[in-house]
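Report on one structure; see the data block that follows.
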Amino acid sequence: MLRGDAAVQVDLDALIAQRLAARALVLAASRKAATAQAGIKASRFRGRGVDYVESRGYQPGDDIRSMDWRVTARSGKPHTKVFQEERERSVLLVLDHAPSMHFGTRVCFKSVQAARAAALIAWSAIRGGDRVGALGFGSGVTGEVRPAGGPRGVLHCLRALADWDLIARANRAAQAEPLSQALERTRRLARPGTLVILLTDGFCGDEAAEAPLARLASHGEVRLVLVTDALELQAPPRGRYAVEVGGQRRWLDFGGAIDTRWTDAFRTRRERLLLQARRLGVGTLTLDTRDDLTRCLAPLGLALATRRSAG
């Protein structure tokens with residue numbers, strides 16, 4: 001149970017503490033990975049990324065798509081690029097910091113739950129030898145952390161998550177970056193074969209987001225973690241409730257009949273992104289602010305373990 005400031009703002013120590021929980025997540029996922037491999041459907045994962053090593057003279061049988069046209073033009077002789085396969089896979093955590101994420105009525109804010117989930121995933125990833133990076137968007141947040149391996153790589157990401165939370169809370173009135181722009185930045189940062197994990201409440205979704213989301217899914221693997229709060233899923237009991245809006249106190253009156261319009265209003269905010277994900281075959285899981293992270297994120301832990309087994 002989170003209490004006090006830790007429930008409403010991202011705490012770096014709490015993110016570092018997820019390292020202990022990652023061990024349980026990895027062990028549980030590893031036990032299931034072998035079984036899942038036997039019956040799992042073909043993955044959309046496109047393979048490991050590659051690093052450019054050098055250019056050499058063209059040899060019969062070389063793939064023409066690897067031709068180095070610049071060297072060919074300078075030398076007057078055909079040359080082809082030589083690549084070396086990366087030994088590590090990359091996991092890129094994309095976190096939404098829009099104002100709607102800084103809300104919660106049970107246990108913690110959605111922003112805090114998303115950051116803790118990202119930390120658990122990051123620690124789990126490096127235990128399997130993956131590299132971890134992060135990208136933040138919304139409410140003045142435009143930061144990026146390139147994927148790196150080991151505990152230092154994770155700590156770099158976690159410090160960024162805490163810093164981005166501070167920036168977002170200080171810029172709640174700023175216009176939030178739409179998801180489409182954030183995904184375009186993600187696409188430039190993600191190498192081929194990267195596993196992209198988007199953590200958001202879905203309220204930032206826009207029609208233009210589907211194109212970059214499709215391109216990300218075509219070159220790697222994308223998972224959507226949809227963060228929710230209990231008040232968005234069920235209307236509160238009848239009564240009058242005090243809320244703070246823009247620094248002013250206001251009252252919400254639920255004295256009349258409560259129908260599905262309450263939950264429909266929140267559902268429609270998320271539905272566009274959910275429909276886009278379904279059309280593209282992007283795996284989705286829901287994470288409530290009350291959920292136990294290790295249990296709820298088990299499918300992602302299994303995905304990480306399965307990708308390693310396949311690699």
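Here's how to read the names in the structure tokens: chain A, B, ... by the order shown, residue numbers from 1 in each chain, ligand numbers from 1 in the order shown.
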What's around Gln234 of chain A at 12 Å? Count only C-alpha atoms, leave out sequence neighbours fewer than 6 positions away in its own chain, and write the answer as a PyMOL selection string.
chain A and resi 105+228+258-267
Using the selection just defined, write its residues with C-alpha atoms as a compact mmCIF listing (two decimals), in the first residue's frame.
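Okay, selection.txt is ready:
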# COMPACT_ATOMS: atom_id res chain seq x y z
CA THR A 105 -8.95 7.35 -6.34
CA THR A 228 -7.29 2.61 -15.37
CA ILE A 258 -26.81 7.27 -12.26
CA ASP A 259 -26.73 5.41 -15.54
CA THR A 260 -24.14 4.13 -17.98
CA ARG A 261 -23.36 7.61 -19.26
CA TRP A 262 -20.70 7.94 -16.58
CA THR A 263 -18.68 4.88 -17.59
CA ASP A 264 -19.41 5.48 -21.29
CA ALA A 265 -17.76 8.91 -21.06
CA PHE A 266 -14.49 7.32 -19.92
CA ARG A 267 -14.78 4.32 -22.23
Going by DSSP on the backbone, which bits of segment 159-235 of chain A are helix (DSSP H, G or I)? Write them as a ChimeraX atom specification, please.
/A:159-170,179-189,207-219,230-233
Name the residues of segment 57-248 of chain A that come out as strand (DSSP E) in a backbone DSSP run; write them as a ChimeraX atom specification.
/A:57,79-85,90-96,131-137,144-148,195-200,221-228,240-245,248
Find the residues around Ala217 of chain A up to 12 Å (only C-alpha atoms counted), leave out those fewer than 6 positions away in its own chain, and share them as a list in words.
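Listing them by chain and then by number gives Ser43, Arg44, Phe45, Arg46, Leu183, Thr186, Arg187, Ala190, Arg191, Pro192, Gly193, Thr194, Leu195, Val196, Ile197, Leu198, Glu210, Ala211, Arg223, Leu224, Gln276, Ala277, Arg278, Arg279, Leu280, Gly281, Val282 and Gly283 of chain A.
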Take the residues that were just selected and, keeping C-alpha atoms, output them as a short mmCIF file (atom, residue, chain, number, x, y, z; two decimals), in the first residue's frame.
data_model
loop_
_atom_site.label_atom_id
_atom_site.label_comp_id
_atom_site.auth_asym_id
_atom_site.auth_seq_id
_atom_site.Cartn_x
_atom_site.Cartn_y
_atom_site.Cartn_z
CA SER A 43 4.97 -13.74 -33.24
CA ARG A 44 5.02 -10.36 -34.98
CA PHE A 45 8.61 -9.99 -33.73
CA ARG A 46 10.89 -9.25 -36.68
CA LEU A 183 4.85 7.39 -31.62
CA THR A 186 9.35 6.35 -30.69
CA ARG A 187 9.73 5.04 -34.24
CA ALA A 190 13.37 2.09 -31.83
CA ARG A 191 15.78 -0.15 -33.74
CA PRO A 192 14.44 -3.12 -35.76
CA GLY A 193 13.31 -5.89 -33.42
CA THR A 194 12.65 -3.57 -30.46
CA LEU A 195 9.87 -4.48 -28.05
CA VAL A 196 7.89 -1.26 -27.48
CA ILE A 197 5.69 -1.12 -24.38
CA LEU A 198 3.25 1.81 -24.31
CA GLU A 210 -2.56 4.38 -36.19
CA ALA A 211 0.00 4.91 -38.97
CA ARG A 223 2.40 -4.09 -26.32
CA LEU A 224 -0.17 -1.72 -24.83
CA GLN A 276 -6.40 0.69 -33.36
CA ALA A 277 -4.54 -1.90 -31.28
CA ARG A 278 -7.00 -4.64 -32.20
CA ARG A 279 -6.79 -3.85 -35.91
CA LEU A 280 -2.99 -4.07 -35.80
CA GLY A 281 -2.82 -7.17 -33.61
CA VAL A 282 -1.14 -5.25 -30.78
CA GLY A 283 -1.41 -7.15 -27.49
#
Give me, as a list of chain:residue names, all polymer residues having an atom no more than 7 Å from segment 87-102 of chain A, counting only C-alpha atoms and skipping those fewer than 4 positions away in the same chain.
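Residues near the query, excluding close chain neighbours: A:Arg48, A:Phe109, A:Lys110, A:Ser111, A:Ala118, A:Gly129, A:Asp130, A:Arg131, A:Val132, A:Gly133, A:Ala134, A:Leu135, A:Gly136, A:Phe137, A:Gly138, A:Ser139, A:Pro147, A:Ala168, A:Arg172, A:Ala176, A:Thr194, A:Leu195, A:Val196, A:Ile197, A:Leu198, A:Leu199, A:Thr200, A:Asp201.
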Selection export as a short mmCIF file (atom, residue, chain, number, x, y, z; two decimals), in the first residue's frame, atoms kept: C-alpha atoms:
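File written: again06.cif
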data_model
loop_
_atom_site.label_atom_id
_atom_site.label_comp_id
_atom_site.auth_asym_id
_atom_site.auth_seq_id
_atom_site.Cartn_x
_atom_site.Cartn_y
_atom_site.Cartn_z
CA ARG A 48 17.18 -8.80 -33.62
CA PHE A 109 -2.33 7.92 -9.27
CA LYS A 110 -2.31 6.29 -12.69
CA SER A 111 1.02 8.01 -13.38
CA ALA A 118 7.75 0.38 -16.20
CA GLY A 129 20.19 -9.68 -20.98
CA ASP A 130 17.99 -7.16 -22.80
CA ARG A 131 18.72 -3.46 -23.10
CA VAL A 132 16.21 -0.89 -21.79
CA GLY A 133 15.32 2.60 -22.93
CA ALA A 134 12.48 5.03 -22.26
CA LEU A 135 10.52 7.83 -23.90
CA GLY A 136 8.16 10.26 -22.17
CA PHE A 137 5.44 12.46 -23.66
CA GLY A 138 2.68 14.81 -22.55
CA SER A 139 2.48 17.98 -20.38
CA PRO A 147 18.39 1.67 -24.73
CA ALA A 168 4.52 16.96 -15.93
CA ARG A 172 -0.38 20.44 -16.13
CA ALA A 176 -0.29 17.54 -24.11
CA THR A 194 12.65 -3.57 -30.46
CA LEU A 195 9.87 -4.48 -28.05
CA VAL A 196 7.89 -1.26 -27.48
CA ILE A 197 5.69 -1.12 -24.38
CA LEU A 198 3.25 1.81 -24.31
CA LEU A 199 1.88 2.70 -20.86
CA THR A 200 -1.09 5.09 -21.06
CA ASP A 201 -4.71 5.56 -20.02
#
Can you check which parts of segment 219-265 of chain A lie within 6 Å of segment 285-293 of chain A? Per residue, the shortest pair of atoms and distance in Å to one decimal, counting only C-alpha atoms, sorted by chain and number, as a Markdown table.
| residue | atom | partner | partner_atom | distance |
| --- | --- | --- | --- | --- |
| A:Val225 | CA | A:Leu285 | CA | 5.2 |
| A:Leu226 | CA | A:Thr286 | CA | 4.7 |
| A:Val227 | CA | A:Leu287 | CA | 4.8 |
| A:Thr228 | CA | A:Asp288 | CA | 4.7 |
| A:Asp229 | CA | A:Asp288 | CA | 5.6 |
Spatial neighbours of segment 250-254 of chain A, max dist 8 Å, only C-alpha atoms, sep filter under 4 positions, as a PDB file with C-alpha atoms, in the first residue's frame:
ATOM      1  CA  PRO A 236     -19.579   6.610  -7.420  1.00  0.00           C
ATOM      2  CA  PRO A 237     -22.445   6.202  -4.927  1.00  0.00           C
ATOM      3  CA  ARG A 238     -25.036   8.951  -4.837  1.00  0.00           C
ATOM      4  CA  GLY A 239     -23.937  12.088  -3.031  1.00  0.00           C
ATOM      5  CA  ARG A 240     -22.033  15.359  -3.389  1.00  0.00           C
ATOM      6  CA  TYR A 241     -18.275  15.207  -3.927  1.00  0.00           C
ATOM      7  CA  ALA A 242     -15.702  17.972  -3.597  1.00  0.00           C
ATOM      8  CA  VAL A 243     -13.091  18.114  -6.373  1.00  0.00           C
ATOM      9  CA  GLU A 244     -10.278  20.499  -7.214  1.00  0.00           C
ATOM     10  CA  VAL A 245     -10.160  21.825 -10.769  1.00  0.00           C
ATOM     11  CA  ILE A 258     -26.808   7.274 -12.264  1.00  0.00           C
TER      12      ILE A 258
END
Leaving out segment 157-165 of chain A and any residue of its chain fewer than 2 positions from it, which residues lie within 7 Å of it when counting only C-alpha atoms, given as a PyMOL selection string?
chain A and resi 9-12+15+115+119+133-134+136+141+145+153-155+167-169
Pick from A:Glu271, A:Ala148, A:Ser218, A:Cys296: nearest to Cys204 of chain A, with only C-alpha atoms counted?
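Residue with the minimum atom-to-atom distance to Cys204 of chain A: A:Glu271.
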